[in-house]
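What follows is a single structure, written as structure tokens, with notes after it.
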Amino acid sequence: MKWLSNYEKELDLAFSEAESILFQLPVPFSKQAVDYLDRFHALKEHRSKNYICYLLPFWLQSYAGIDRETCRRIAVANLFKMMYFHLVDACMDDPDTDVSQQLTLAEFIHIEFISAYQECLKDRAPFWVYYKKYVSEWAAAVSTEKVADFYYENPVRLGHKAAPVKLSVAASMILGGREQEIDMFESAVDTALVTLQLLDDWEDWEKDLDQGSYNSLVSVVQAQLNLPSGTRPSPEEIRDGMMVHDALSELSALANRNHESLEAIKNLAPDLYHFHYDLVRNLNEGAQEVINNRRMLLNGGLGYWLAKNI
């Protein structure tokens with residue numbers, strides 16, 4: 001995965017810089033913020049990885065024509081942005097969250113997020129127009145996900161819960177004097193975010209079903225069963241939907257179409273293209289494994305057991 005390995009040194013520096021800034025927050029929020037940052041560390045095991053969030057400025061560096069130090073500063077800003085929106089999302093999604101404590105921490109991190117971008121962009125006013133646009137997309141997604149069916153109505157909105165990721169596009173292109181290219185890379189990142197959400201929905205469907213959160217795999221099974229709006233399938237029906245009706249294959253088919261649409265930026269941002277390829281490959285392999293398991297079951301239970309246990 002050269003889209004990661006080529007930038008590990010820079011990522012280590014970015015996380016270290018972000019940590020040193022968060023250490024300056026008032027007690028006890030400094031320790032809380034540093035501990036929260038550690039949960040997302042790109043180079044440590046057993047951490048939540050949000051690669052596109054902090055790698056995107058490096059993936060765009062060559063085309064934008066900005067230096068590595070500037071990329072790192074954008075990456076630090078994006079780390080704060082990621083933390084802020086994760087904290088806010090948790091307040092909305094998790095009933096066990098200590099909202100007052102979480103929102104206070106989020107506000108401190110939000111200040112650092114804005115300050116980092118102000119330092120990078122200085123008086124580049126157009127950047128803040130894009131900031132408003134991406135936050136508006138995020139707000140529309142999180143406020144309507146329980147009443148809309150993004151997968152069938154407008155798939156691009158599947159990725160809009162992560163729309164602020166595109167701040168890297170706006171910052172990089174504005175600083176590189178390529179503002180006219182923002183639309184093209186916005187579209188490419190939207191496509192990658194959709195596929196990333198499809199993969200997350202496959203991995204998290206049980207949790208999303210339990211919490212009542214929108215999930216594209218759940219939506220596909222609901223449509224396959226012709227269930228009325230507001231009636232969600234059971235866990236058993238979702239497993240049957242994957243095993244019998246190829247629900248996961250439907251998600252992988254959309255991911256493959258997404259990848260075809262990224263051919264336009266293959267040579268402009270090859271790391272983004274290959275990152276997306278790895279996402280698609282994971283979905284394709286998962287869908288194919290389901291098909292293989294079904295074939296083995298049809299050939300007899302003993303053969304299936306032997307294939308899984310020997």
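Identifiers in the structure tokens: chain A, B, ... in order shown; residue index from 1 per chain; ligand index from 1 in order shown.
The neighbours of segment 85-91 of chain A here are the residues that come within 7 Å of it, using only C-alpha atoms and leaving out any residue fewer than 3 positions away in the same chain; they are Lys81, Met82, Asp94, Thr97, Val99, Gln102, Leu103 and Ala106 of chain A.
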Mind the document's chain letters and residue numbers, and return as a VMD selection string the residues of segment 13-204 of chain A that DSSP labels helix (DSSP H, G or I).
chain A and resid 13 to 22 29 to 38 51 to 64 68 to 93 99 to 121 126 to 144 150 to 153 155 to 175 179 to 204
Close residues, segment 118-131 of chain A itself excluded, 12 Å, only C-alpha atoms, min 2 positions apart in chain, as number ranges by chain:
A: 66, 69-78, 81, 111-116, 133-138, 163-177, 179-180, 182-183, 186
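Here atom CA of Tyr277 of chain A and atom CA of Asn292 of chain A stand 21.9 Å from one another.
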Å distance separating atom CA of Tyr36 of chain A from atom CA of Ala14 of chain A, one decimal place
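Here the two named atoms are 15.2 Å from each other.
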Can you list, as a PyMOL selection string, every protein, DNA or RNA residue that comes within 12 Å of segment 39-51 of chain A when you count only C-alpha atoms, leaving out same-chain residues fewer than 2 positions away?
chain A and resi 1+3-5+7-16+18-19+32-37+53-59+75+78-83+86+162+165+192-193+196-197+200+271-272+275-276+279
Please produce a file of the residues just selected, as a short mmCIF file (atom, residue, chain, number, x, y, z; two decimals), in the first residue's frame, where the atoms kept are N, CA and C atoms.
```cif
data_model
loop_
_atom_site.label_atom_id
_atom_site.label_comp_id
_atom_site.auth_asym_id
_atom_site.auth_seq_id
_atom_site.Cartn_x
_atom_site.Cartn_y
_atom_site.Cartn_z
N MET A 1 0.84 -1.19 0.00
CA MET A 1 0.00 0.00 0.00
C MET A 1 0.88 1.25 0.00
N TRP A 3 0.21 4.05 -1.09
CA TRP A 3 -0.55 5.24 -0.73
C TRP A 3 -0.46 5.53 0.78
N LEU A 4 0.00 4.55 1.55
CA LEU A 4 0.26 4.76 2.98
C LEU A 4 1.75 4.77 3.27
N SER A 5 2.47 3.75 2.81
CA SER A 5 3.87 3.58 3.20
C SER A 5 4.75 4.75 2.76
N TYR A 7 4.18 7.74 3.01
CA TYR A 7 3.95 8.95 3.81
C TYR A 7 4.00 8.69 5.32
N GLU A 8 4.52 7.55 5.72
CA GLU A 8 4.50 7.21 7.14
C GLU A 8 5.32 8.19 7.98
N LYS A 9 6.48 8.62 7.47
CA LYS A 9 7.29 9.59 8.22
C LYS A 9 6.53 10.89 8.41
N GLU A 10 5.89 11.37 7.36
CA GLU A 10 5.14 12.61 7.45
C GLU A 10 3.94 12.47 8.38
N LEU A 11 3.30 11.32 8.36
CA LEU A 11 2.17 11.10 9.26
C LEU A 11 2.62 11.10 10.72
N ASP A 12 3.75 10.49 10.98
CA ASP A 12 4.28 10.48 12.34
C ASP A 12 4.53 11.90 12.83
N LEU A 13 5.09 12.73 11.96
CA LEU A 13 5.32 14.14 12.31
C LEU A 13 4.01 14.87 12.52
N ALA A 14 3.01 14.60 11.69
CA ALA A 14 1.72 15.28 11.81
C ALA A 14 1.02 14.92 13.11
N PHE A 15 1.03 13.63 13.48
CA PHE A 15 0.40 13.23 14.73
C PHE A 15 1.15 13.81 15.93
N SER A 16 2.48 13.86 15.85
CA SER A 16 3.27 14.43 16.94
C SER A 16 2.98 15.92 17.10
N ALA A 18 0.21 17.50 16.16
CA ALA A 18 -1.15 17.64 16.68
C ALA A 18 -1.18 17.37 18.19
N GLU A 19 -0.43 16.37 18.61
CA GLU A 19 -0.38 16.04 20.04
C GLU A 19 0.21 17.19 20.85
N GLN A 32 -7.61 14.46 27.80
CA GLN A 32 -8.71 13.83 27.07
C GLN A 32 -8.49 13.96 25.56
N ALA A 33 -8.04 15.12 25.12
CA ALA A 33 -7.84 15.34 23.69
C ALA A 33 -6.70 14.49 23.15
N VAL A 34 -5.59 14.42 23.90
CA VAL A 34 -4.44 13.62 23.46
C VAL A 34 -4.82 12.14 23.42
N ASP A 35 -5.55 11.68 24.42
CA ASP A 35 -5.99 10.28 24.43
C ASP A 35 -6.93 10.00 23.27
N TYR A 36 -7.78 10.96 22.96
CA TYR A 36 -8.72 10.77 21.85
C TYR A 36 -7.98 10.73 20.52
N LEU A 37 -6.99 11.60 20.36
CA LEU A 37 -6.17 11.59 19.15
C LEU A 37 -5.49 10.24 18.97
N CYS A 53 -8.63 10.93 5.50
CA CYS A 53 -8.71 12.20 6.20
C CYS A 53 -7.36 12.89 6.28
N TYR A 54 -6.33 12.17 6.70
CA TYR A 54 -5.03 12.81 6.90
C TYR A 54 -4.04 12.55 5.78
N LEU A 55 -4.34 11.62 4.86
CA LEU A 55 -3.43 11.36 3.74
C LEU A 55 -3.77 12.15 2.48
N LEU A 56 -5.01 12.62 2.39
CA LEU A 56 -5.44 13.28 1.16
C LEU A 56 -4.54 14.46 0.75
N PRO A 57 -4.12 15.33 1.67
CA PRO A 57 -3.24 16.42 1.21
C PRO A 57 -1.94 15.93 0.59
N PHE A 58 -1.40 14.81 1.08
CA PHE A 58 -0.18 14.25 0.50
C PHE A 58 -0.47 13.63 -0.87
N TRP A 59 -1.64 13.02 -1.02
CA TRP A 59 -2.01 12.43 -2.30
C TRP A 59 -2.19 13.51 -3.38
N ALA A 75 -2.66 18.38 7.01
CA ALA A 75 -2.97 17.10 7.66
C ALA A 75 -3.25 17.30 9.14
N ASN A 78 -6.60 18.67 9.52
CA ASN A 78 -7.59 17.62 9.26
C ASN A 78 -7.73 16.66 10.43
N LEU A 79 -6.67 16.42 11.16
CA LEU A 79 -6.77 15.59 12.36
C LEU A 79 -7.73 16.22 13.36
N PHE A 80 -7.59 17.53 13.55
CA PHE A 80 -8.48 18.23 14.48
C PHE A 80 -9.92 18.20 13.96
N LYS A 81 -10.06 18.39 12.65
CA LYS A 81 -11.38 18.35 12.03
C LYS A 81 -12.02 16.98 12.25
N MET A 82 -11.27 15.91 12.01
CA MET A 82 -11.77 14.56 12.19
C MET A 82 -12.23 14.33 13.62
N MET A 83 -11.40 14.74 14.58
CA MET A 83 -11.75 14.56 15.99
C MET A 83 -13.02 15.31 16.33
N HIS A 86 -16.12 13.61 14.80
CA HIS A 86 -16.36 12.33 15.47
C HIS A 86 -17.03 12.57 16.83
N ALA A 162 -18.99 12.52 5.80
CA ALA A 162 -17.55 12.81 5.85
C ALA A 162 -17.18 13.94 4.89
N VAL A 165 -13.96 16.14 4.82
CA VAL A 165 -12.69 15.61 4.29
C VAL A 165 -12.24 16.42 3.08
N ALA A 192 -14.92 8.34 -3.64
CA ALA A 192 -14.18 7.50 -2.70
C ALA A 192 -14.91 7.39 -1.36
N LEU A 193 -15.52 8.47 -0.91
CA LEU A 193 -16.24 8.46 0.36
C LEU A 193 -17.48 7.57 0.29
N LEU A 196 -16.16 4.03 0.53
CA LEU A 196 -15.73 3.81 1.91
C LEU A 196 -16.94 3.57 2.81
N GLN A 197 -18.02 4.31 2.57
CA GLN A 197 -19.23 4.11 3.37
C GLN A 197 -19.88 2.76 3.09
N ASP A 200 -17.92 0.36 5.11
CA ASP A 200 -18.27 0.51 6.52
C ASP A 200 -19.65 -0.08 6.81
N ASP A 271 -2.39 7.97 -5.89
CA ASP A 271 -2.57 7.38 -4.56
C ASP A 271 -4.04 7.30 -4.19
N LEU A 272 -4.79 8.33 -4.50
CA LEU A 272 -6.24 8.30 -4.25
C LEU A 272 -6.89 7.19 -5.06
N PHE A 275 -5.88 3.82 -3.50
CA PHE A 275 -6.61 3.66 -2.23
C PHE A 275 -8.02 3.17 -2.51
N HIS A 276 -8.67 3.79 -3.49
CA HIS A 276 -10.03 3.38 -3.82
C HIS A 276 -10.05 1.96 -4.37
N LEU A 279 -10.22 -0.43 -1.54
CA LEU A 279 -11.56 -0.49 -0.96
C LEU A 279 -12.46 -1.40 -1.79
#
```
Do you have the atom CA of Ser219 of chain A-atom CA of Glu285 of chain A distance handy?
20.9 Å
